Amino acid sequence: MKLSIKIITFLGIALCCTHEINAQKPLHNYVDPMIGSEGVGRVFIGPSCPYGMVKPSPDCTVSPNSGWLPMPKEVTGFSQVHVSGTGGGPKYGNIQIMPFLGALDKLDQTSHRAEENVKLGYYETVFKENNIKTEITTAEKAAFYRITYPKNASKNVKIDPGFFLGEEAIPDGREAQQFVGSQIEIVSDTEVRGYSRIRGGWNNGRAYTVYFWAVFDQPIAKYVTWKDGKFYSNQSAQFDSGKKTAALLSFGTEGKQEVNIKIGISFLSELKAKNNIEVEIPHWNFNTVLASLENKWEQLLNRVQLSADTSEEYKKMFYTGLYHTMIMPVDRTGENPLWTNDEPYYDDFYCVWDTFRSSSPLITLIDSKRQVEIINAMLNIYKREGYLPEARSGNDNGRVQGGSNAEVVLADAFVKKLKGIDYELALQAMLKDATVPPGGNEEKEGRGGLLDYLKLGYVPYGTDRAGNRTIDYSYNDYNIATVAKGLNHTELYNQYIKQADNWQNLWRSDYVNNGSTGFIMPKDASGKWLDDIVFGESKIQKPTFRYTPVIIDSPWYVCHWCVFFYEGNSWEYSLSIPHDVPELVRKSGGEAAFQKRLDTFFDTKLYNVANEPSFLTPCLYHWIGKPYLSSDRIRTIIKENFNSSHEGLPGNDDSGAMSSWLAFHMMGLYPNAGQPYYLLNTPLIKETTLKLENGTYFKISAKKMSDKNRYIKSALLNGKPYNKAWILHDDVAKGGELILEMDSKPSAWGTTIVPPTK
């Protein structure tokens with residue numbers, strides 16, 4: 001009996017200890033960088049610090065945007081700069097290295113992976129052909145490689161500054177990166193420096209230069225340099241003459257099998273790249289670099305705590321969603337080659353059209369000081385270059401997909417009262433977009449078709465993306481009105497709140513499709529509705545086709561930018577009026593007709609989960625007093641489209657846009673960007689606690705929630721009844737607790753006070 005008691009006591013202690021260990025599992029261990037890596041997600045899988053400038057990972061040929069492709073695709077090498085989740089043409093893929101065996105007599109050292117191990121901050125692979133193991137981690141501006149070679153093998157490394165992603169055989173291919181120049185020099189028996197100069201890519205940007213300094217923990221025993229197809233055994237440097245350059249290094253067969261490499265990156269100079277190593281990694285301890293990176297992420301991820309009973313699947317999905325949201329834009333403060341000051345500088349807004357809806361608001365919520373830096377960087381770009389970035393990459397603005405949506409980001413910060421931003425300057429920048437045509441740079445910045453928009457109240461058909469530009473400009477004008485009103489500029493407010501109605505000028509109220517009435521449709525400059533529009537761009541033959549709300553008018557031979565709606569159709573965009581949903585409901589025929597319209601949209605698969613203009617649409621039931629229907633739609637969308645697999649994202653992650661949409665909805669919140677509130681839906685997680693940067697905590701608790709009990713019966717905010725299916729950002733920022741009582745059937749909760757109107 002005593003033995004049994006001892007055993008029971010021991011098991012009880014062991015169980016407690018196990019529970020304690022599980023409870024203390026670092027949150028970064030739930031991040032799986034491979035979620036969304038396959039299929040259409042295109043996420044970056046290598047190690048990255050939060051908003052980190054250096055993103056090292058394998059390049060599997062020159063084709064993929066993020067560098068990586070699944071096995072058995074070959075690996076060309078490992079480059080130091082990448083983007084995450086993007087569509088269009090690739091960008092970056094600069095300063096490639098590749099370990100290899102054998103003679104120093106060929107540049108192509110392509111190999112295949114036998115295995116691969118990826119986790120936050122760490123990448124590892126072993127090559128089939130030579131059994132070389134490559135491990136990678138990184139600091140903010142310097143990467144660290146630990147390469148282990150087979151015993152008694154010659155330890156060789158290729159450094160190739162001539163490599164880049166998106167290279168095409170046709171010169172000046174649209175959205176293709178183009179080689180400008182490269183240079184390489186073996187400085188000492190442990191150091192190599194150089195640079196890569198590339199232009200073009202997705203934003204058709206001007207040339208950017210990536211400088212590097214590489215340091216090895218073993219002396220170079222032998223080397224050859226390479227230029228324009230030829231090897232040179234007696235030259236330690238190859239200067240830039242507009243030809244590709246590279247170097248093959250051998251560390252011999254003596255000594256340890258492991259070669260450690262630190263590669264500093266800079267957009268300023270080789271010496272700055274060297275300094276980045278000295279500042280960030282002044283040692284040779286790979287594990288110390290990894291631990292530092294993990295700690296940076298842990299501090300951020302800890303700002304959102306999930307209930308202990310949250311499933312492993314949901315924890316992976318949620319924390320990976322946060323992780324993806326904070327990979328881009330990229331912090332290049334102190335690395336700006338265009339002008340010199342101490343202000344924040346961020347690049348790779350790739351692009352704001354994708355990220356303003358959910359990514360920026362999520363950063364505002366959990367990392368508000370960072371969002372202030374990002375916005376000040378946007379304003380700094382405006383001050384120096386004349387326009388806010390709508391998209392930016394490689395130190396150059398472009399490409400504009402719709403509106404001037406930096407306005408939404410600025411308005412969102414304003415209504416959420418972020419401090420440390422010059423909002424008068426922000427209003428000035430917004431007005432520049434709204435009043436000054438970009439003069440031939442419509443794909444780069446500003447508003448294309450602006451003069452017509454100001455004259456007619458809409459962008460007429462014939463101007464690229466006239467439909468979504470009109471809708472976006474209307475919302476951007478609402479953003480201007482919001483800031484103008486808050487800064488007591490009454491005349492400006494009156495002007496822009498009126499222009500916020502301009503979307504109605506393309507609303508064809510008598511058009512019927514799939515049982516719903518009223519759609520955003522093409523209209524020419526004379527005010528005529530266009531039932532038939534020209535198919536293609538021929539100047540001789542002009543065949544037409546019947547335009548309807550369900551088509552996407554971009555056949556394979558027509559520029560996909562030269563359409564009425566960018567990446568969507570009228571069914572999607574006619575529901576994308578985030579600042580005036582009540583008027584949208586009225587124009588659709590009232591609440592019953594609007595509900596039918598939404599049901600048709602989802603039930604007939606017109607909804608595109610991968611398209612940002614549809615991000616808010618599942619929540620539109622809130623405006624007809626039926627938030628429970630929004631919750632039902634959201635849960636179904638997540639269940640059918642998101643998971644923790646390598647194909648766990650239903651579309652391009654677009655710099656965290658898709659991931660942040662998911663993270664918000666798992667908490668039960670969703671922002672209407674540019675406005676001071678969050679919509680409330682049934683969360684997927686029973687308890688979520690936000691630790692805000694002002695030191696307060698806000699907790700969302702869903703009591704008795706289950707698959708059956710998925711409807712909100714009632715709510716308490718800080719102990720008081722709360723009957724709105726939306727909550728102000730101020731109430732979240734103050735801290736407290738929102739308790740949701742769940743039930744198995746819909747209730748009257750949240751049905752009487754609809755979200756704020758303009």
# chains A, B, ... in the order shown; residues from 1 in each chain; ligands from 1
$ residues_around --residues "Gly449 in chain A" --least-positions-apart "6" --cutoff "9 Å" --atoms "only C-alpha atoms" --output "PyMOL selection string"
chain A and resi 437+442+458-460+463-464+466+469
$ select_by_dssp --residues "range 557-602 of chain A" --states "helix (DSSP H, G or I)" --output "VMD selection string"
chain A and resid 570 to 573 581 to 587 591 to 602
$ write_last_selection --atoms "N, CA and C atoms" --output "PDB file, in the first residue's frame"
ATOM      1  N   SER A 570     -16.511  42.147 -61.066  1.00  0.00           N
ATOM      2  CA  SER A 570     -17.421  43.112 -60.464  1.00  0.00           C
ATOM      3  C   SER A 570     -18.159  42.547 -59.256  1.00  0.00           C
ATOM      4  N   TRP A 571     -18.392  41.258 -59.240  1.00  0.00           N
ATOM      5  CA  TRP A 571     -19.037  40.677 -58.057  1.00  0.00           C
ATOM      6  C   TRP A 571     -18.180  40.919 -56.811  1.00  0.00           C
ATOM      7  N   GLU A 572     -16.889  40.741 -56.947  1.00  0.00           N
ATOM      8  CA  GLU A 572     -16.002  40.971 -55.801  1.00  0.00           C
ATOM      9  C   GLU A 572     -15.903  42.451 -55.449  1.00  0.00           C
ATOM     10  N   TYR A 573     -15.589  43.253 -56.447  1.00  0.00           N
ATOM     11  CA  TYR A 573     -15.326  44.665 -56.179  1.00  0.00           C
ATOM     12  C   TYR A 573     -16.585  45.447 -55.810  1.00  0.00           C
ATOM     13  N   VAL A 581     -20.634  50.777 -46.155  1.00  0.00           N
ATOM     14  CA  VAL A 581     -21.421  49.555 -46.322  1.00  0.00           C
ATOM     15  C   VAL A 581     -22.926  49.831 -46.232  1.00  0.00           C
ATOM     16  N   PRO A 582     -23.404  50.707 -45.326  1.00  0.00           N
ATOM     17  CA  PRO A 582     -24.850  50.969 -45.297  1.00  0.00           C
ATOM     18  C   PRO A 582     -25.411  51.462 -46.631  1.00  0.00           C
ATOM     19  N   GLU A 583     -24.671  52.315 -47.328  1.00  0.00           N
ATOM     20  CA  GLU A 583     -25.133  52.773 -48.643  1.00  0.00           C
ATOM     21  C   GLU A 583     -25.081  51.638 -49.654  1.00  0.00           C
ATOM     22  N   LEU A 584     -24.082  50.767 -49.535  1.00  0.00           N
ATOM     23  CA  LEU A 584     -24.003  49.590 -50.403  1.00  0.00           C
ATOM     24  C   LEU A 584     -25.219  48.697 -50.180  1.00  0.00           C
ATOM     25  N   VAL A 585     -25.619  48.519 -48.923  1.00  0.00           N
ATOM     26  CA  VAL A 585     -26.808  47.723 -48.605  1.00  0.00           C
ATOM     27  C   VAL A 585     -28.038  48.349 -49.247  1.00  0.00           C
ATOM     28  N   ARG A 586     -28.185  49.668 -49.113  1.00  0.00           N
ATOM     29  CA  ARG A 586     -29.352  50.363 -49.669  1.00  0.00           C
ATOM     30  C   ARG A 586     -29.390  50.217 -51.185  1.00  0.00           C
ATOM     31  N   LYS A 587     -28.233  50.421 -51.830  1.00  0.00           N
ATOM     32  CA  LYS A 587     -28.193  50.335 -53.288  1.00  0.00           C
ATOM     33  C   LYS A 587     -28.435  48.909 -53.782  1.00  0.00           C
ATOM     34  N   GLU A 591     -31.796  45.184 -46.768  1.00  0.00           N
ATOM     35  CA  GLU A 591     -31.126  44.141 -45.993  1.00  0.00           C
ATOM     36  C   GLU A 591     -31.397  42.740 -46.515  1.00  0.00           C
ATOM     37  N   ALA A 592     -32.645  42.439 -46.864  1.00  0.00           N
ATOM     38  CA  ALA A 592     -32.965  41.093 -47.347  1.00  0.00           C
ATOM     39  C   ALA A 592     -32.255  40.811 -48.674  1.00  0.00           C
ATOM     40  N   ALA A 593     -32.287  41.796 -49.554  1.00  0.00           N
ATOM     41  CA  ALA A 593     -31.622  41.621 -50.856  1.00  0.00           C
ATOM     42  C   ALA A 593     -30.110  41.529 -50.687  1.00  0.00           C
ATOM     43  N   PHE A 594     -29.598  42.283 -49.737  1.00  0.00           N
ATOM     44  CA  PHE A 594     -28.144  42.255 -49.509  1.00  0.00           C
ATOM     45  C   PHE A 594     -27.716  40.905 -48.934  1.00  0.00           C
ATOM     46  N   GLN A 595     -28.516  40.357 -48.021  1.00  0.00           N
ATOM     47  CA  GLN A 595     -28.190  39.031 -47.502  1.00  0.00           C
ATOM     48  C   GLN A 595     -28.220  37.998 -48.621  1.00  0.00           C
ATOM     49  N   LYS A 596     -29.203  38.094 -49.475  1.00  0.00           N
ATOM     50  CA  LYS A 596     -29.278  37.163 -50.603  1.00  0.00           C
ATOM     51  C   LYS A 596     -28.060  37.325 -51.502  1.00  0.00           C
ATOM     52  N   ARG A 597     -27.638  38.575 -51.695  1.00  0.00           N
ATOM     53  CA  ARG A 597     -26.469  38.846 -52.523  1.00  0.00           C
ATOM     54  C   ARG A 597     -25.224  38.200 -51.929  1.00  0.00           C
ATOM     55  N   LEU A 598     -25.032  38.378 -50.625  1.00  0.00           N
ATOM     56  CA  LEU A 598     -23.878  37.764 -49.962  1.00  0.00           C
ATOM     57  C   LEU A 598     -23.949  36.241 -50.035  1.00  0.00           C
ATOM     58  N   ASP A 599     -25.130  35.694 -49.783  1.00  0.00           N
ATOM     59  CA  ASP A 599     -25.275  34.234 -49.837  1.00  0.00           C
ATOM     60  C   ASP A 599     -24.943  33.709 -51.230  1.00  0.00           C
ATOM     61  N   THR A 600     -25.408  34.405 -52.253  1.00  0.00           N
ATOM     62  CA  THR A 600     -25.091  34.000 -53.627  1.00  0.00           C
ATOM     63  C   THR A 600     -23.588  34.055 -53.872  1.00  0.00           C
ATOM     64  N   PHE A 601     -22.976  35.128 -53.388  1.00  0.00           N
ATOM     65  CA  PHE A 601     -21.540  35.334 -53.568  1.00  0.00           C
ATOM     66  C   PHE A 601     -20.736  34.155 -53.024  1.00  0.00           C
ATOM     67  N   PHE A 602     -21.101  33.702 -51.825  1.00  0.00           N
ATOM     68  CA  PHE A 602     -20.358  32.602 -51.203  1.00  0.00           C
ATOM     69  C   PHE A 602     -20.817  31.235 -51.705  1.00  0.00           C
TER      70      PHE A 602
END
$ closest_atom_pairs --of "range 460-492 of chain A" --to "range 352-375 of chain A" --cutoff "12 Å" --atoms "only C-alpha atoms" --output "tab-separated table"
residue	atom	partner	partner_atom	distance
A:Asn468	CA	A:Trp353	CA	11.1
A:Arg469	CA	A:Trp353	CA	11.2
A:Asp472	CA	A:Trp353	CA	9.5
A:Asn476	CA	A:Phe356	CA	11.6
$ closest_atom_pairs --of "range 641-684 of chain A" --to "range 712-723 of chain A" --cutoff "12 Å" --atoms "only C-alpha atoms" --output "tab-separated table"
residue	atom	partner	partner_atom	distance
A:Gly668	CA	A:Ile712	CA	11.0
A:Leu680	CA	A:Ile712	CA	9.8
A:Asn681	CA	A:Ile712	CA	8.2
A:Thr682	CA	A:Ile712	CA	6.7
A:Pro683	CA	A:Ile712	CA	9.8
$ closest_residue --among "A:Trp661, A:Phe216, A:Phe163, A:Tyr208" --to "Arg193 in chain A" --atoms "only C-alpha atoms"
A:Phe216
